[in-house]
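Heads up, the thing below is written out as structure tokens.
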Amino acid sequence: MATTKTHYSFTPLNIGRYVIWSLFALVLAVAPLAFKSSLALTMLSQIGYLVVICLSYNILLGQGGMLSFGHAVYVGLGSFIAVHAMNLASKGAIPLPLVFIPLVGGLAGLFFAALFGFVTTKKSGTTFAMITLGIGELVASMALMFPGFFGGEGGVTTNRVYGSKLFGVSFGPQIQVYYLIAVYCFLCTAAMYAFTGTPLGRILNAVRDNPERVEFVGYNTQRVRYFAFMVAGFFAGIGGGLAAINFEIVNAADSLSGIRSGGYLLFTFLGGAIFFFGPMIGAVLLVFASILLSELSKAWLLYLGLVFLFMVMYAPGGVASLIMMNLRVAKFGKLRTLWVSYLALGGTALFAIFGIAAVVEMIYHIQLNSALGPVVPFMGARLDTHSVDAWAGAVFVLVTAIGLFEVARRAFKRQWDTTQEEIEREIKRREAL
């Protein structure tokens with residue numbers, strides 16, 4: 001006897017997810033309309049493909065727990081294959097529109113990830129990291145051995161404007177290149193987010209957290225790492241292809257070096273490797289550091305190192321973890337009780353930054369620009385490196401600010417711990433209802 005359904009069930013729409021992805025697409029679309037200068041457009045283009053690269057690296061680091069020191073290999077080789085494909089297409093040797101060049105870079109990254117990953121993923125932990133470092137240095141050293149492919153010290157140049165126009169788009173103006181990068185950025189971001197929900201993405205998280213238990217239930221952890229390594233290589237190659245289109249030149253010293261791999265690692269960590277959107281923040285920070293900060297000071301790498309040290313000490317989860325922790329506090333209506341502590345932390349930290357920057361800039365001026373005179377322009381002021389008062393003032397501000405910051409930090413920690421205890425009690429109270 002057939003039974004009649006008395007109710008209907010359905011899965012509710014995740015409105016928040018649709019809103020977030022719509023806002024992401026909207027930001028990509030209107031960003032060049034809001035920031036119209038050529039510098040802003042250049043930065044936006046770089047942010048676009050670096051988002052893809054940092055997210056691909058996070059498949060290894062954040063999702064798989066694989067610390068790689070050679071991710072630039074797959075980005076760089078993807079760039080070289082892409083630029084050679086562009087040159088062949090411009091000569092009419094292959095019928096390949098420019099819009100498919102990033103996919104060529106992605107396939108190149110996938111190929112080399114399958115080749116090198118078969119060796120590197122046989123080990124995990126520190127051994128894996130050392131193997132990736134060795135392969136990265138090996139590939140970088142090969143650049144001068146094969147100048148026909150890598151172009152020697154000058155690199156390989158190309159011209160992205162070739163063939164007939166596609167719907168009137170020649171990809172000559174930078175704005176057109178930006179929108180090409182933006183489309184790939186959105187699609188790749190969505191694809192990598194979808195990857196996190198696949199069985200492979202879930203078991204990759206399990207391999208990261210407890211590989212012994214994964215082996216016990218019957219999975220081959222080496223194979224899981226290998227497949228994830230190939231996925232990361234594919235998207236890294238796409239990012240490399242987009243970079244080749246953007247710059248129209250690929251240089252081995254910039255694309256394959258260990259410094260480049262270290263940059264991807266550093267800024268993925270700073271953004272927050274444990275959250276999906278963390279590497280996106282890291283990509284933005286990478287562009288601002290490499291373009292704006294490097295223009296402001298010759299000591300920008302020192303400042304970057306200090307920021308990294310500070311984040312490791314006080315916020316190892318990166319910028320994304322700070323955002324998520326404060327969103328949790330705001331959700332329970334406790335954020336307004338912390339604003340005074342935040343002002344104290346921010347104010348003392350700002351003065352400490354001024355003190356550190358003043359000392360560093362005067363030291364760098366003495367070492368590098370002493371021929372220009374003793375005066376250093378700094379934040380609208382003029383510091384005389386020959387004056388004891390300038391040094392004493394900078395050191396006094398630095399030491400005083402650091403002391404006040406430590407006092408504010410301890411007070412904030414006590415208040416933060418009290419707030420977290422209140423939130424936990426509120427959670428238990430709601431669960432008991």
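The way I read the labels, and the way they are meant: chains A, B, ... in the order of the structure tokens, residue 1 as the first residue of every chain, and ligand 1 as the first ligand shown, with later ones counted on from there.
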Write out as a list of chain:residue names each polymer residue whose atoms come within 10 Å of Ala140 of chain A, counting only C-alpha atoms; drop sequence neighbours fewer than 4 positions from it.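 So the residues in contact are A:Gly70, A:Ala72, A:Val73, A:Gly76, A:Gly134, A:Ile135, A:Gly136, A:Leu144, A:Met145, A:Ala252, A:Ala253, A:Asp254, A:Ser255, A:Leu256, A:Ser257, A:Gly258.
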Segment 259-392 of chain A: which residues are strand (DSSP E) by DSSP, as a list in words? Val375, Val376, Pro377, Phe378, Ala381, Arg382, Leu383 and Asp384 of chain A
Dump as a compact mmCIF listing (two decimals), in the first residue's frame, selection limited to N, CA and C atoms:
```txt
# COMPACT_ATOMS: atom_id res chain seq x y z
N VAL A 375 70.78 65.38 6.20
CA VAL A 375 69.36 65.55 6.50
C VAL A 375 68.53 64.48 5.80
N VAL A 376 67.59 63.89 6.56
CA VAL A 376 66.70 62.85 6.03
C VAL A 376 65.26 63.37 6.09
N PRO A 377 64.57 63.50 4.96
CA PRO A 377 63.14 63.84 5.02
C PRO A 377 62.36 62.65 5.59
N PHE A 378 61.53 62.91 6.61
CA PHE A 378 60.80 61.82 7.26
C PHE A 378 59.45 62.34 7.75
N ALA A 381 58.95 65.86 8.34
CA ALA A 381 59.99 66.48 9.15
C ALA A 381 61.35 66.25 8.50
N ARG A 382 62.38 66.87 9.06
CA ARG A 382 63.74 66.73 8.55
C ARG A 382 64.63 66.31 9.71
N LEU A 383 65.17 65.10 9.62
CA LEU A 383 66.01 64.57 10.69
C LEU A 383 67.47 64.72 10.30
N ASP A 384 68.25 65.31 11.20
CA ASP A 384 69.67 65.51 10.97
C ASP A 384 70.44 64.35 11.59
```
What are the DSSP helix (DSSP H, G or I) residues of segment 99-312 of chain A, as a PyMOL selection string? chain A and resi 99-120+125-142+147-150+152-154+174-196+199-209+211-216+221-247+252-255+258-271+278-296+300-312
Go through segment 191-255 of chain A residue by residue and, counting only C-alpha atoms, keep those with an atom at most 8 Å from segment 158-164 of chain A; for each kept residue give the shortest atom pair and its distance in Å to one decimal, ordered by chain and increasing number, as a tab-separated table.
```
residue	atom	partner	partner_atom	distance
A:Ile245	CA	A:Arg160	CA	6.2
A:Glu248	CA	A:Thr158	CA	5.2
A:Ile249	CA	A:Thr158	CA	6.2
```
Please list as JSON, numbers by chain every residue within 12 Å of Ile353 of chain A, counting only C-alpha atoms and excluding residues in the same chain fewer than 4 positions away. {"A": [303, 306, 307, 310, 346, 347, 348, 349, 357, 358, 359, 360, 361, 379, 394, 395, 397, 398, 399, 400, 401, 402, 405]}
Would you mind exporting C-alpha atoms of the selected residues as a PDB file, in the first residue's frame?
```pdb
ATOM      1  CA  TYR A 303      59.920  46.493   7.703  1.00  0.00           C
ATOM      2  CA  LEU A 306      59.407  43.047  11.370  1.00  0.00           C
ATOM      3  CA  VAL A 307      55.743  42.736  10.374  1.00  0.00           C
ATOM      4  CA  PHE A 310      55.081  40.581  14.876  1.00  0.00           C
ATOM      5  CA  GLY A 346      46.689  51.190  17.843  1.00  0.00           C
ATOM      6  CA  GLY A 347      48.005  54.483  19.205  1.00  0.00           C
ATOM      7  CA  THR A 348      51.009  53.000  20.993  1.00  0.00           C
ATOM      8  CA  ALA A 349      51.786  50.749  18.002  1.00  0.00           C
ATOM      9  CA  ALA A 357      61.096  54.012  11.116  1.00  0.00           C
ATOM     10  CA  ALA A 358      62.981  57.127  12.206  1.00  0.00           C
ATOM     11  CA  VAL A 359      65.933  55.106  13.514  1.00  0.00           C
ATOM     12  CA  VAL A 360      65.995  52.792  10.491  1.00  0.00           C
ATOM     13  CA  GLU A 361      65.753  55.605   7.947  1.00  0.00           C
ATOM     14  CA  MET A 379      57.011  62.145   7.585  1.00  0.00           C
ATOM     15  CA  ALA A 394      63.802  58.825  17.889  1.00  0.00           C
ATOM     16  CA  VAL A 395      65.104  56.341  20.468  1.00  0.00           C
ATOM     17  CA  VAL A 397      59.840  57.714  21.154  1.00  0.00           C
ATOM     18  CA  LEU A 398      60.637  54.103  20.248  1.00  0.00           C
ATOM     19  CA  VAL A 399      61.416  52.904  23.780  1.00  0.00           C
ATOM     20  CA  THR A 400      58.498  54.777  25.356  1.00  0.00           C
ATOM     21  CA  ALA A 401      56.038  53.545  22.745  1.00  0.00           C
ATOM     22  CA  ILE A 402      57.184  49.926  23.094  1.00  0.00           C
ATOM     23  CA  PHE A 405      52.359  49.109  23.949  1.00  0.00           C
TER      24      PHE A 405
END
```
Which residues come within 12 Å of segment 320-326 of chain A, counting only C-alpha atoms, excluding same-chain residues fewer than 4 positions away, as a PyMOL selection string? chain A and resi 267-282+311+314-316+330-339+342+416+419-420+423
Quick check, in Å to one decimal: how far apart do atom CA of Arg208 of chain A and atom CA of Gln222 of chain A lie?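 Separation of atom CA of Arg208 of chain A and atom CA of Gln222 of chain A: 11.5 Å.
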Pick from A:Ile59, A:Phe171, A:Phe146, A:Phe351, whichever lies nearest to Leu404 of chain A using only C-alpha atoms: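 Comparing A:Ile59, A:Phe171, A:Phe146, A:Phe351 against Leu404 of chain A, the winner is A:Phe351.
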Which of A:Asn369, A:Met362, A:Gly154, A:Met313 sits closest to Ser387 of chain A [using only C-alpha atoms]: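 Once distances to Ser387 of chain A are computed over only C-alpha atoms, the minimum belongs to A:Met362.
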Taking only C-alpha atoms into account, which of A:Gly239, A:Ala93, A:Arg328, A:Ile175 comes nearest Ser37 of chain A?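 Between A:Gly239, A:Ala93, A:Arg328, A:Ile175, the residue approaching Ser37 of chain A most closely is A:Ile175.
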Minimum-distance residue to Ala89 of chain A, chosen among A:Val104, A:Leu309, A:Val329, A:Met142 (using only C-alpha atoms):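 The closest residue to Ala89 of chain A is A:Val104.
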Ser45 of chain A surroundings by only C-alpha atoms, 12 Å radius, close-in-sequence under 3 positions cut, as a JSON list (two decimals) with N, CA and C atoms, in the first residue's frame:
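Done, and the output landed in part-v2.json:
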```json
[["chain", "number", "residue", "atom", "x", "y", "z"],
["A", 28, "LEU", "N", 35.43, 43.11, -8.44],
["A", 28, "LEU", "CA", 36.32, 42.93, -9.59],
["A", 28, "LEU", "C", 35.87, 43.78, -10.77],
["A", 31, "ALA", "N", 36.22, 47.87, -9.69],
["A", 31, "ALA", "CA", 37.49, 48.37, -9.14],
["A", 31, "ALA", "C", 38.21, 49.32, -10.08],
["A", 32, "PRO", "N", 38.37, 48.98, -11.38],
["A", 32, "PRO", "CA", 39.07, 49.93, -12.27],
["A", 32, "PRO", "C", 38.26, 51.19, -12.56],
["A", 35, "PHE", "N", 39.22, 53.26, -9.27],
["A", 35, "PHE", "CA", 40.64, 53.65, -9.23],
["A", 35, "PHE", "C", 41.14, 53.72, -10.68],
["A", 38, "SER", "N", 46.83, 54.89, -13.87],
["A", 38, "SER", "CA", 47.56, 53.77, -14.48],
["A", 38, "SER", "C", 48.24, 52.91, -13.41],
["A", 39, "LEU", "N", 48.73, 53.54, -12.34],
["A", 39, "LEU", "CA", 49.34, 52.78, -11.25],
["A", 39, "LEU", "C", 48.32, 51.87, -10.57],
["A", 40, "ALA", "N", 47.13, 52.41, -10.32],
["A", 40, "ALA", "CA", 46.09, 51.61, -9.68],
["A", 40, "ALA", "C", 45.68, 50.43, -10.57],
["A", 41, "LEU", "N", 45.60, 50.68, -11.88],
["A", 41, "LEU", "CA", 45.23, 49.60, -12.80],
["A", 41, "LEU", "C", 46.30, 48.52, -12.84],
["A", 42, "THR", "N", 47.56, 48.94, -12.79],
["A", 42, "THR", "CA", 48.66, 47.97, -12.74],
["A", 42, "THR", "C", 48.60, 47.14, -11.47],
["A", 48, "GLY", "N", 45.04, 40.57, -9.17],
["A", 48, "GLY", "CA", 44.18, 39.54, -9.76],
["A", 48, "GLY", "C", 44.89, 38.22, -9.95],
["A", 49, "TYR", "N", 46.06, 38.23, -10.60],
["A", 49, "TYR", "CA", 46.72, 36.94, -10.81],
["A", 49, "TYR", "C", 47.44, 36.43, -9.57],
["A", 50, "LEU", "N", 47.83, 37.34, -8.66],
["A", 50, "LEU", "CA", 48.44, 36.87, -7.42],
["A", 50, "LEU", "C", 47.43, 36.21, -6.49],
["A", 51, "VAL", "N", 46.18, 36.61, -6.58],
["A", 51, "VAL", "CA", 45.13, 35.91, -5.83],
["A", 51, "VAL", "C", 45.07, 34.45, -6.25],
["A", 52, "VAL", "N", 45.13, 34.21, -7.56],
["A", 52, "VAL", "CA", 45.11, 32.84, -8.07],
["A", 52, "VAL", "C", 46.34, 32.07, -7.58],
["A", 174, "GLN", "N", 45.56, 48.33, -21.11],
["A", 174, "GLN", "CA", 45.69, 47.62, -19.84],
["A", 174, "GLN", "C", 44.34, 47.29, -19.23],
["A", 175, "ILE", "N", 43.33, 48.12, -19.46],
["A", 175, "ILE", "CA", 42.02, 47.87, -18.88],
["A", 175, "ILE", "C", 41.42, 46.57, -19.42],
["A", 176, "GLN", "N", 41.67, 46.27, -20.70],
["A", 176, "GLN", "CA", 41.18, 45.02, -21.27],
["A", 176, "GLN", "C", 41.91, 43.81, -20.69],
["A", 177, "VAL", "N", 43.20, 43.96, -20.46],
["A", 177, "VAL", "CA", 43.98, 42.90, -19.83],
["A", 177, "VAL", "C", 43.49, 42.67, -18.40],
["A", 178, "TYR", "N", 43.17, 43.77, -17.71],
["A", 178, "TYR", "CA", 42.68, 43.63, -16.34],
["A", 178, "TYR", "C", 41.41, 42.79, -16.29],
["A", 179, "TYR", "N", 40.48, 43.08, -17.19],
["A", 179, "TYR", "CA", 39.22, 42.33, -17.14],
["A", 179, "TYR", "C", 39.41, 40.87, -17.52],
["A", 180, "LEU", "N", 40.38, 40.57, -18.38],
["A", 180, "LEU", "CA", 40.70, 39.18, -18.66],
["A", 180, "LEU", "C", 41.23, 38.50, -17.39],
["A", 181, "ILE", "N", 42.13, 39.20, -16.68],
["A", 181, "ILE", "CA", 42.66, 38.66, -15.43],
["A", 181, "ILE", "C", 41.54, 38.53, -14.40],
["A", 182, "ALA", "N", 40.63, 39.50, -14.35],
["A", 182, "ALA", "CA", 39.55, 39.46, -13.38],
["A", 182, "ALA", "C", 38.62, 38.27, -13.61],
["A", 183, "VAL", "N", 38.33, 37.98, -14.87],
["A", 183, "VAL", "CA", 37.47, 36.83, -15.17],
["A", 183, "VAL", "C", 38.14, 35.53, -14.73],
["A", 184, "TYR", "N", 39.41, 35.38, -15.06],
["A", 184, "TYR", "CA", 40.14, 34.18, -14.64],
["A", 184, "TYR", "C", 40.26, 34.12, -13.11],
["A", 185, "CYS", "N", 40.45, 35.28, -12.48],
["A", 185, "CYS", "CA", 40.55, 35.32, -11.02],
["A", 185, "CYS", "C", 39.26, 34.82, -10.38],
["A", 239, "GLY", "N", 48.00, 31.23, -13.06],
["A", 239, "GLY", "CA", 48.49, 32.52, -12.56],
["A", 239, "GLY", "C", 49.74, 32.97, -13.29],
["A", 242, "LEU", "N", 48.73, 34.31, -16.72],
["A", 242, "LEU", "CA", 48.17, 35.66, -16.61],
["A", 242, "LEU", "C", 49.28, 36.70, -16.40],
["A", 243, "ALA", "N", 50.29, 36.33, -15.62],
["A", 243, "ALA", "CA", 51.41, 37.25, -15.42],
["A", 243, "ALA", "C", 52.16, 37.50, -16.72],
["A", 244, "ALA", "N", 52.33, 36.45, -17.53],
["A", 244, "ALA", "CA", 53.01, 36.61, -18.81],
["A", 244, "ALA", "C", 52.23, 37.55, -19.74],
["A", 245, "ILE", "N", 50.91, 37.42, -19.73],
["A", 245, "ILE", "CA", 50.09, 38.31, -20.55],
["A", 245, "ILE", "C", 50.20, 39.75, -20.03],
["A", 246, "ASN", "N", 50.21, 39.91, -18.74],
["A", 246, "ASN", "CA", 50.22, 41.24, -18.15],
["A", 246, "ASN", "C", 51.52, 41.99, -18.44],
["A", 247, "PHE", "N", 52.67, 41.32, -18.29],
["A", 247, "PHE", "CA", 53.96, 41.99, -18.42],
["A", 247, "PHE", "C", 54.57, 41.85, -19.81],
["A", 283, "ALA", "N", 47.62, 38.34, -1.08],
["A", 283, "ALA", "CA", 47.94, 38.83, -2.42],
["A", 283, "ALA", "C", 47.88, 40.36, -2.48],
["A", 284, "VAL", "N", 46.89, 40.93, -1.82],
["A", 284, "VAL", "CA", 46.78, 42.40, -1.78],
["A", 284, "VAL", "C", 47.98, 42.99, -1.04],
["A", 287, "VAL", "N", 51.21, 42.95, -3.20],
["A", 287, "VAL", "CA", 51.30, 44.02, -4.21],
["A", 287, "VAL", "C", 51.62, 45.36, -3.55]]
```
